[in-house]
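Student: My file is entry25.csv. It has CSV, C-alpha atoms and all ligand atoms:
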```csv
chain,number,residue,atom,x,y,z
R,1,MET,CA,-91.2,-130.1,-40.7
R,2,ALA,CA,-88.4,-128.6,-42.7
R,3,ILE,CA,-87.5,-125.0,-42.7
R,4,ILE,CA,-86.7,-123.9,-46.3
R,5,ALA,CA,-85.1,-120.5,-46.8
R,6,SER,CA,-84.1,-118.7,-50.0
R,7,ASN,CA,-81.4,-116.1,-49.9
R,8,PHE,CA,-81.7,-114.0,-53.1
R,9,LYS,CA,-78.4,-112.3,-52.4
R,10,THR,CA,-78.0,-109.7,-55.3
R,11,ASN,CA,-80.6,-111.3,-57.6
R,12,HIS,CA,-84.1,-110.5,-58.7
R,13,THR,CA,-85.8,-107.1,-59.1
R,14,ARG,CA,-88.7,-105.6,-57.2
R,15,LYS,CA,-91.0,-106.9,-60.0
R,16,SER,CA,-89.6,-110.4,-60.3
R,17,THR,CA,-89.5,-110.7,-56.5
R,18,ALA,CA,-93.2,-109.8,-56.3
R,19,SER,CA,-94.2,-112.5,-58.8
R,20,PHE,CA,-91.8,-115.1,-57.1
R,21,VAL,CA,-93.4,-114.5,-53.7
R,22,LYS,CA,-96.9,-114.6,-55.1
R,23,GLU,CA,-96.2,-117.9,-56.9
R,24,VAL,CA,-94.6,-119.5,-53.9
R,25,SER,CA,-97.4,-118.4,-51.6
R,26,GLU,CA,-100.1,-119.8,-53.9
R,27,PHE,CA,-98.1,-123.0,-54.3
R,28,LEU,CA,-98.0,-123.5,-50.5
R,29,GLN,CA,-101.7,-122.8,-50.2
R,30,SER,CA,-103.0,-124.9,-53.0
R,31,ASN,CA,-100.9,-127.9,-52.0
R,32,ASN,CA,-101.5,-127.4,-48.3
R,33,ILE,CA,-97.8,-127.5,-47.5
R,34,SER,CA,-96.9,-126.7,-44.0
R,35,ASN,CA,-93.1,-126.2,-44.4
R,36,GLU,CA,-91.8,-123.0,-42.8
R,37,VAL,CA,-90.6,-121.0,-45.8
R,38,ILE,CA,-88.6,-117.8,-45.6
R,39,VAL,CA,-87.5,-115.7,-48.5
R,40,PHE,CA,-84.8,-113.0,-48.2
R,41,PRO,CA,-85.1,-110.6,-51.2
R,42,THR,CA,-82.8,-107.7,-51.8
R,43,ALA,CA,-83.6,-104.6,-49.6
R,44,THR,CA,-84.9,-102.8,-52.7
R,45,SER,CA,-87.5,-105.5,-53.3
R,46,LEU,CA,-89.0,-105.5,-49.8
R,47,ASP,CA,-92.7,-104.7,-49.9
R,48,GLU,CA,-96.0,-105.4,-48.3
R,49,PHE,CA,-96.6,-108.9,-49.7
R,50,GLU,CA,-99.7,-110.9,-49.1
R,51,THR,CA,-98.7,-114.4,-48.3
R,52,VAL,CA,-99.8,-117.5,-46.5
R,53,SER,CA,-98.9,-117.6,-42.8
R,54,ASN,CA,-96.1,-120.1,-43.3
R,55,LEU,CA,-94.2,-117.9,-45.8
R,56,THR,CA,-92.2,-115.2,-44.2
R,57,ILE,CA,-90.2,-112.4,-45.9
R,58,GLY,CA,-87.0,-111.4,-44.2
R,59,ALA,CA,-84.2,-108.9,-44.7
R,60,GLN,CA,-80.7,-110.1,-45.9
R,61,ASN,CA,-79.1,-107.4,-43.9
R,62,ALA,CA,-79.8,-104.2,-42.0
R,63,TYR,CA,-77.9,-101.8,-39.8
R,64,ALA,CA,-78.1,-101.9,-36.0
R,65,VAL,CA,-80.2,-98.7,-35.9
R,66,ASP,CA,-83.8,-97.5,-36.2
R,67,LYS,CA,-82.8,-94.6,-38.4
R,68,GLY,CA,-80.0,-92.1,-38.8
R,69,SER,CA,-77.0,-91.1,-40.9
R,70,PHE,CA,-75.6,-94.4,-42.3
R,71,THR,CA,-75.3,-93.9,-46.0
R,72,GLY,CA,-76.3,-97.0,-48.0
R,73,GLU,CA,-77.8,-98.8,-45.0
R,74,ILE,CA,-81.4,-99.5,-43.9
R,75,GLY,CA,-82.7,-99.7,-40.3
R,76,THR,CA,-85.9,-100.8,-38.6
R,77,THR,CA,-87.8,-97.8,-39.8
R,78,GLN,CA,-87.5,-99.1,-43.3
R,79,LEU,CA,-88.2,-102.7,-42.2
R,80,ASP,CA,-91.2,-101.6,-40.1
R,81,GLU,CA,-92.8,-100.1,-43.2
R,82,PHE,CA,-93.3,-103.6,-44.5
R,83,ALA,CA,-93.7,-105.4,-41.1
R,84,ILE,CA,-90.4,-107.3,-41.7
R,85,LYS,CA,-89.4,-109.0,-38.5
R,86,THR,CA,-86.9,-111.6,-39.7
R,87,ILE,CA,-83.3,-111.0,-40.5
R,88,LEU,CA,-80.2,-112.9,-41.7
R,89,ILE,CA,-77.1,-112.1,-39.7
R,90,GLY,CA,-73.5,-113.4,-40.1
R,91,HIS,CA,-73.7,-114.6,-43.7
R,92,SER,CA,-70.2,-115.5,-44.9
R,93,GLU,CA,-70.5,-113.1,-47.8
R,94,ARG,CA,-71.0,-110.3,-45.3
R,95,ARG,CA,-68.1,-111.6,-43.1
R,96,HIS,CA,-65.6,-112.3,-45.9
R,97,VAL,CA,-66.6,-110.1,-48.8
R,98,LEU,CA,-68.1,-107.1,-47.1
R,99,GLY,CA,-65.7,-107.3,-44.1
R,100,GLU,CA,-68.1,-107.4,-41.2
R,101,SER,CA,-66.2,-108.3,-38.0
R,102,GLN,CA,-67.5,-110.7,-35.3
R,103,GLU,CA,-67.8,-107.6,-33.1
R,104,GLU,CA,-70.1,-105.8,-35.6
R,105,ILE,CA,-72.1,-109.0,-36.1
R,106,ALA,CA,-72.6,-109.5,-32.4
R,107,LYS,CA,-73.7,-105.8,-32.1
R,108,LYS,CA,-76.2,-106.3,-34.9
R,109,TYR,CA,-77.4,-109.5,-33.4
R,110,ASP,CA,-78.0,-107.9,-30.0
R,111,PHE,CA,-79.9,-105.0,-31.5
R,112,TYR,CA,-82.2,-107.2,-33.5
R,113,LYS,CA,-82.6,-109.7,-30.7
R,114,ASN,CA,-83.7,-106.8,-28.4
R,115,LYS,CA,-86.3,-105.9,-31.0
R,116,GLY,CA,-87.6,-109.5,-31.0
R,117,TYR,CA,-86.7,-110.3,-34.6
R,118,LYS,CA,-86.5,-113.9,-35.8
R,119,ILE,CA,-82.7,-114.2,-36.6
R,120,VAL,CA,-81.3,-116.7,-39.0
R,121,TYR,CA,-77.6,-116.7,-37.8
R,122,CYS,CA,-75.0,-118.1,-40.2
R,123,ILE,CA,-71.7,-119.8,-39.3
R,124,GLY,CA,-69.3,-121.7,-41.5
R,125,GLU,CA,-65.6,-122.3,-42.1
R,126,PRO,CA,-63.4,-121.4,-45.2
R,127,LEU,CA,-61.7,-124.2,-47.1
R,128,GLU,CA,-58.3,-123.9,-45.4
R,129,VAL,CA,-59.9,-124.5,-42.1
R,130,LYS,CA,-62.0,-127.4,-43.3
R,131,GLU,CA,-58.7,-128.9,-44.6
R,132,SER,CA,-57.2,-128.8,-41.1
R,133,GLY,CA,-59.8,-131.2,-39.8
R,134,LEU,CA,-63.1,-131.3,-37.8
R,135,ASP,CA,-61.6,-130.0,-34.5
R,136,LYS,CA,-60.3,-126.9,-36.3
R,137,THR,CA,-63.6,-126.5,-38.1
R,138,LEU,CA,-65.5,-126.6,-34.8
R,139,GLU,CA,-63.1,-124.3,-33.1
R,140,TYR,CA,-63.6,-121.8,-36.0
R,141,VAL,CA,-67.3,-122.2,-35.9
R,142,TYR,CA,-67.6,-121.7,-32.2
R,143,GLU,CA,-65.6,-118.5,-32.4
R,144,GLN,CA,-68.4,-117.2,-34.6
R,145,PHE,CA,-70.7,-117.5,-31.6
R,146,GLU,CA,-68.6,-115.0,-29.7
R,147,GLY,CA,-70.9,-112.3,-28.3
R,148,ILE,CA,-74.0,-114.1,-29.6
R,149,ASP,CA,-76.8,-115.0,-27.1
R,150,THR,CA,-77.5,-118.5,-28.3
R,151,ASN,CA,-80.3,-118.9,-25.8
R,152,TYR,CA,-82.4,-116.4,-27.7
R,153,ASP,CA,-85.9,-117.9,-28.4
R,154,ASN,CA,-86.3,-116.6,-31.9
R,155,LEU,CA,-83.0,-118.0,-33.2
R,156,ILE,CA,-82.5,-120.3,-36.2
R,157,LEU,CA,-78.9,-121.3,-37.0
R,158,ALA,CA,-77.5,-122.0,-40.5
R,159,TYR,CA,-74.3,-123.9,-41.0
R,160,GLU,CA,-72.9,-122.8,-44.4
R,161,PRO,CA,-69.4,-124.0,-45.1
R,162,VAL,CA,-67.8,-121.2,-47.2
R,163,TRP,CA,-66.2,-123.6,-49.6
R,164,ALA,CA,-69.6,-125.1,-50.5
R,165,ILE,CA,-71.4,-121.8,-51.2
R,166,GLY,CA,-72.0,-121.1,-54.8
R,167,THR,CA,-69.4,-123.6,-55.9
R,168,GLY,CA,-71.5,-126.6,-56.7
R,169,VAL,CA,-69.5,-128.6,-54.1
R,170,THR,CA,-72.0,-129.7,-51.5
R,171,ALA,CA,-70.6,-130.9,-48.2
R,172,THR,CA,-70.8,-134.7,-47.8
R,173,ASN,CA,-73.5,-136.2,-45.6
R,174,GLU,CA,-70.7,-137.1,-43.2
R,175,ASP,CA,-69.3,-133.5,-43.2
R,176,ILE,CA,-72.8,-132.2,-42.5
R,177,THR,CA,-73.8,-134.6,-39.7
R,178,SER,CA,-70.5,-134.3,-37.9
R,179,VAL,CA,-70.6,-130.5,-37.7
R,180,HIS,CA,-74.4,-130.4,-37.1
R,181,SER,CA,-74.3,-132.9,-34.3
R,182,ALA,CA,-71.5,-131.1,-32.5
R,183,ILE,CA,-73.3,-127.7,-32.8
R,184,LYS,CA,-76.6,-129.2,-31.7
R,185,LEU,CA,-75.0,-130.6,-28.6
R,186,ARG,CA,-73.9,-127.1,-27.5
R,187,ILE,CA,-76.8,-125.1,-29.0
R,188,PRO,CA,-80.1,-126.9,-29.2
R,189,LYS,CA,-81.7,-124.6,-31.8
R,190,PRO,CA,-83.1,-125.3,-35.3
R,191,LEU,CA,-80.1,-125.7,-37.6
R,192,LEU,CA,-80.2,-125.4,-41.4
R,193,TYR,CA,-77.6,-126.5,-43.8
R,194,GLY,CA,-76.6,-124.2,-46.7
R,195,GLY,CA,-74.1,-124.6,-49.5
R,196,SER,CA,-74.9,-125.9,-53.0
R,197,VAL,CA,-78.2,-127.3,-51.9
R,198,LYS,CA,-80.3,-128.1,-55.0
R,199,VAL,CA,-83.5,-129.8,-56.2
R,200,ALA,CA,-81.7,-133.1,-56.5
R,201,ASN,CA,-80.1,-133.2,-53.0
R,202,VAL,CA,-82.4,-131.2,-50.7
R,203,ALA,CA,-84.5,-134.0,-49.5
R,204,GLU,CA,-81.5,-136.2,-48.6
R,205,ILE,CA,-79.8,-133.4,-46.8
R,206,CYS,CA,-82.8,-132.3,-44.9
R,207,ALA,CA,-83.5,-135.8,-43.8
R,208,LEU,CA,-80.0,-136.1,-42.1
R,209,ASP,CA,-79.8,-136.2,-38.3
R,210,GLY,CA,-79.4,-132.8,-36.9
R,211,VAL,CA,-80.6,-131.0,-40.1
R,212,ASP,CA,-83.8,-129.0,-39.7
R,213,GLY,CA,-83.9,-127.5,-43.2
R,214,ALA,CA,-81.9,-125.6,-45.8
R,215,LEU,CA,-80.8,-122.1,-46.6
R,216,ILE,CA,-80.5,-122.0,-50.4
R,217,GLY,CA,-78.9,-119.5,-52.8
R,218,THR,CA,-78.5,-120.2,-56.5
R,219,ALA,CA,-80.9,-123.2,-56.7
R,220,SER,CA,-83.7,-121.2,-55.2
R,221,TRP,CA,-83.7,-118.2,-57.6
R,222,ILE,CA,-85.7,-120.0,-60.3
R,223,VAL,CA,-89.2,-120.2,-58.9
R,224,GLU,CA,-90.0,-123.6,-60.5
R,225,ASP,CA,-86.9,-125.0,-58.8
R,226,PHE,CA,-87.7,-123.5,-55.5
R,227,LYS,CA,-91.3,-124.9,-55.6
R,228,GLN,CA,-89.8,-128.3,-56.4
R,229,ILE,CA,-87.4,-127.9,-53.4
R,230,ILE,CA,-90.4,-127.3,-51.2
R,231,GLU,CA,-92.3,-130.2,-52.8
R,232,ASN,CA,-89.3,-132.5,-52.2
R,233,THR,CA,-89.2,-131.6,-48.5
R,234,LYS,CA,-92.8,-131.3,-47.6
R,235,ASP,CA,-93.2,-134.6,-45.8
R,236,LEU,CA,-90.0,-134.4,-43.8
R,301,LIG,P1,-75.6,-121.5,-52.8
R,301,LIG,O1,-76.9,-122.3,-52.6
R,301,LIG,O2,-75.7,-120.7,-54.0
R,301,LIG,O3,-74.5,-122.3,-52.6
R,301,LIG,O4,-75.6,-120.4,-51.6
R,301,LIG,C1,-75.8,-120.8,-50.3
R,301,LIG,C2,-75.9,-119.6,-49.4
R,301,LIG,O5,-75.0,-118.8,-49.3
R,301,LIG,C3,-77.3,-119.3,-48.9
R,301,LIG,O6,-77.2,-118.3,-47.9
```
With the file now loaded, output its structure as structure tokens.
Ligand code: 13P

Tutor:
Amino acid sequence: MAIIASNFKTNHTRKSTASFVKEVSEFLQSNNISNEVIVFPTATSLDEFETVSNLTIGAQNAYAVDKGSFTGEIGTTQLDEFAIKTILIGHSERRHVLGESQEEIAKKYDFYKNKGYKIVYCIGEPLEVKESGLDKTLEYVYEQFEGIDTNYDNLILAYEPVWAIGTGVTATNEDITSVHSAIKLRIPKPLLYGGSVKVANVAEICALDGVDGALIGTASWIVEDFKQIIENTKDL
């Protein structure tokens, strides 16, 4: 059973998120689809959604705090309001664009782990590392596990090569399987692939050895496409 996750990043409004979630939930229900589906809306669009049990709403980010004085951030008080118990940690945009260090990420991970959250933890190498070969790629990826308790029960990993995110350049099947099989040997947890996954390639990617599902940005933002992505992976 594939895990299909949509990362909205900085897209959709409160209103369009509500209709997206409703439509996906009804789609899962009326087609009896048992995929585990996770949607990560923007913080401003979190709400009390009524969904089928295999559709979960998660937070793209939150600070390692219940509440306090951290301008612009949210903590568990804000997540608890909507019973959010799933969080994305370590996304490359937070690492490379927003400048989160491995130390901060590990602290956040620990905090949300201790609260029992389901954590989707992202790793992935930039282009110059990929170009230095598989050994360097794995070395880089393993460093992103520094300070991370990978034995945590409620952990899902997502391998998202930075050069494949939002670029239209998907990793080749060989790229994906070589990194996934190496990670899986060290950390036997569900492992998603992310990076230019779309309607046309999601089934092939999710069927690869060592791939347990996909974490999708761009191609998941149009609800019809996201439903098609779920449809294409429902029997895996
Ligand atoms: P794209 O699907 O737009 O490449 O983004 C992938 C991603 O970063 C999901 O978290």

Student: Distance limit 6 Å, reference ligand LIG 301 (chain R), atoms considered: only C-alpha atoms and all ligand atoms. Which residues make the cut? Give them as a compact mmCIF listing (two decimals) with C-alpha atoms, in the frame of the given file.

Tutor:
```txt
# COMPACT_ATOMS: atom_id res chain seq x y z
CA ASN R 7 -81.40 -116.10 -49.90
CA ILE R 165 -71.40 -121.80 -51.20
CA GLY R 166 -72.00 -121.10 -54.80
CA GLY R 194 -76.60 -124.20 -46.70
CA GLY R 195 -74.10 -124.60 -49.50
CA SER R 196 -74.90 -125.90 -53.00
CA VAL R 197 -78.20 -127.30 -51.90
CA LEU R 215 -80.80 -122.10 -46.60
CA ILE R 216 -80.50 -122.00 -50.40
CA GLY R 217 -78.90 -119.50 -52.80
CA THR R 218 -78.50 -120.20 -56.50
CA ALA R 219 -80.90 -123.20 -56.70
```

Student: Using all atoms listed in the file, can you tell me which of R:Ile84, R:Thr10, R:Asn54, R:Ile74 comes closest to Phe27 of chain R?

Tutor: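 Among the listed residues, the smallest separation from Phe27 of chain R belongs to R:Asn54.
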
Student: For the atom pair atom CA of Gly90 of chain R and atom CA of Ile105 of chain R, what is the interatomic distance in Å to one decimal place?

Tutor: 6.1 Å

Student: Using only C-alpha atoms, which residues sit within 12 Å of Tyr152 of chain R once same-chain residues fewer than 5 positions away are excluded, as a PyMOL selection string?

Tutor: chain R and resi 109-110+112-121+157+187-190

Student: Can you write just those residues out, C-alpha atoms, as an mmCIF file, in the frame of the given file?

Tutor:
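What landed in again_34.cif:
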```
data_model
loop_
_atom_site.group_PDB
_atom_site.id
_atom_site.type_symbol
_atom_site.label_atom_id
_atom_site.label_comp_id
_atom_site.auth_asym_id
_atom_site.auth_seq_id
_atom_site.Cartn_x
_atom_site.Cartn_y
_atom_site.Cartn_z
ATOM 1 C CA TYR R 109 -77.400 -109.500 -33.400
ATOM 2 C CA ASP R 110 -78.000 -107.900 -30.000
ATOM 3 C CA TYR R 112 -82.200 -107.200 -33.500
ATOM 4 C CA LYS R 113 -82.600 -109.700 -30.700
ATOM 5 C CA ASN R 114 -83.700 -106.800 -28.400
ATOM 6 C CA LYS R 115 -86.300 -105.900 -31.000
ATOM 7 C CA GLY R 116 -87.600 -109.500 -31.000
ATOM 8 C CA TYR R 117 -86.700 -110.300 -34.600
ATOM 9 C CA LYS R 118 -86.500 -113.900 -35.800
ATOM 10 C CA ILE R 119 -82.700 -114.200 -36.600
ATOM 11 C CA VAL R 120 -81.300 -116.700 -39.000
ATOM 12 C CA TYR R 121 -77.600 -116.700 -37.800
ATOM 13 C CA LEU R 157 -78.900 -121.300 -37.000
ATOM 14 C CA ILE R 187 -76.800 -125.100 -29.000
ATOM 15 C CA PRO R 188 -80.100 -126.900 -29.200
ATOM 16 C CA LYS R 189 -81.700 -124.600 -31.800
ATOM 17 C CA PRO R 190 -83.100 -125.300 -35.300
#
```

Student: As an exercise, work out the distance from atom CA of Ala83 of chain R to atom CA of Glu50 of chain R in Å and give it to one decimal place.

Tutor: 11.4 Å

Student: Considering all atoms listed in the file, state which residue in the set R:Tyr193, R:Tyr159, R:Phe70, R:Phe49 is at the smallest distance from Lys15 of chain R.

Tutor: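 Using all atoms listed in the file, the shortest distance to Lys15 of chain R belongs to R:Phe49.
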
Student: My list of candidates is R:Val129, R:Leu88, R:Ala62, R:Ile123. Which is closest to Glu143 of chain R when distances are computed with only C-alpha atoms?

Tutor: R:Ile123

Student: So how many Å separate atom CA of Gly124 of chain R and atom CA of Ser92 of chain R, to one decimal?

Tutor: 7.1 Å

Student: In terms of the shortest atom-to-atom distance over all atoms listed in the file, which of R:Arg95, R:Ala214, R:Thr71, R:Asp225 is closest to Asn35 of chain R?

Tutor: R:Ala214
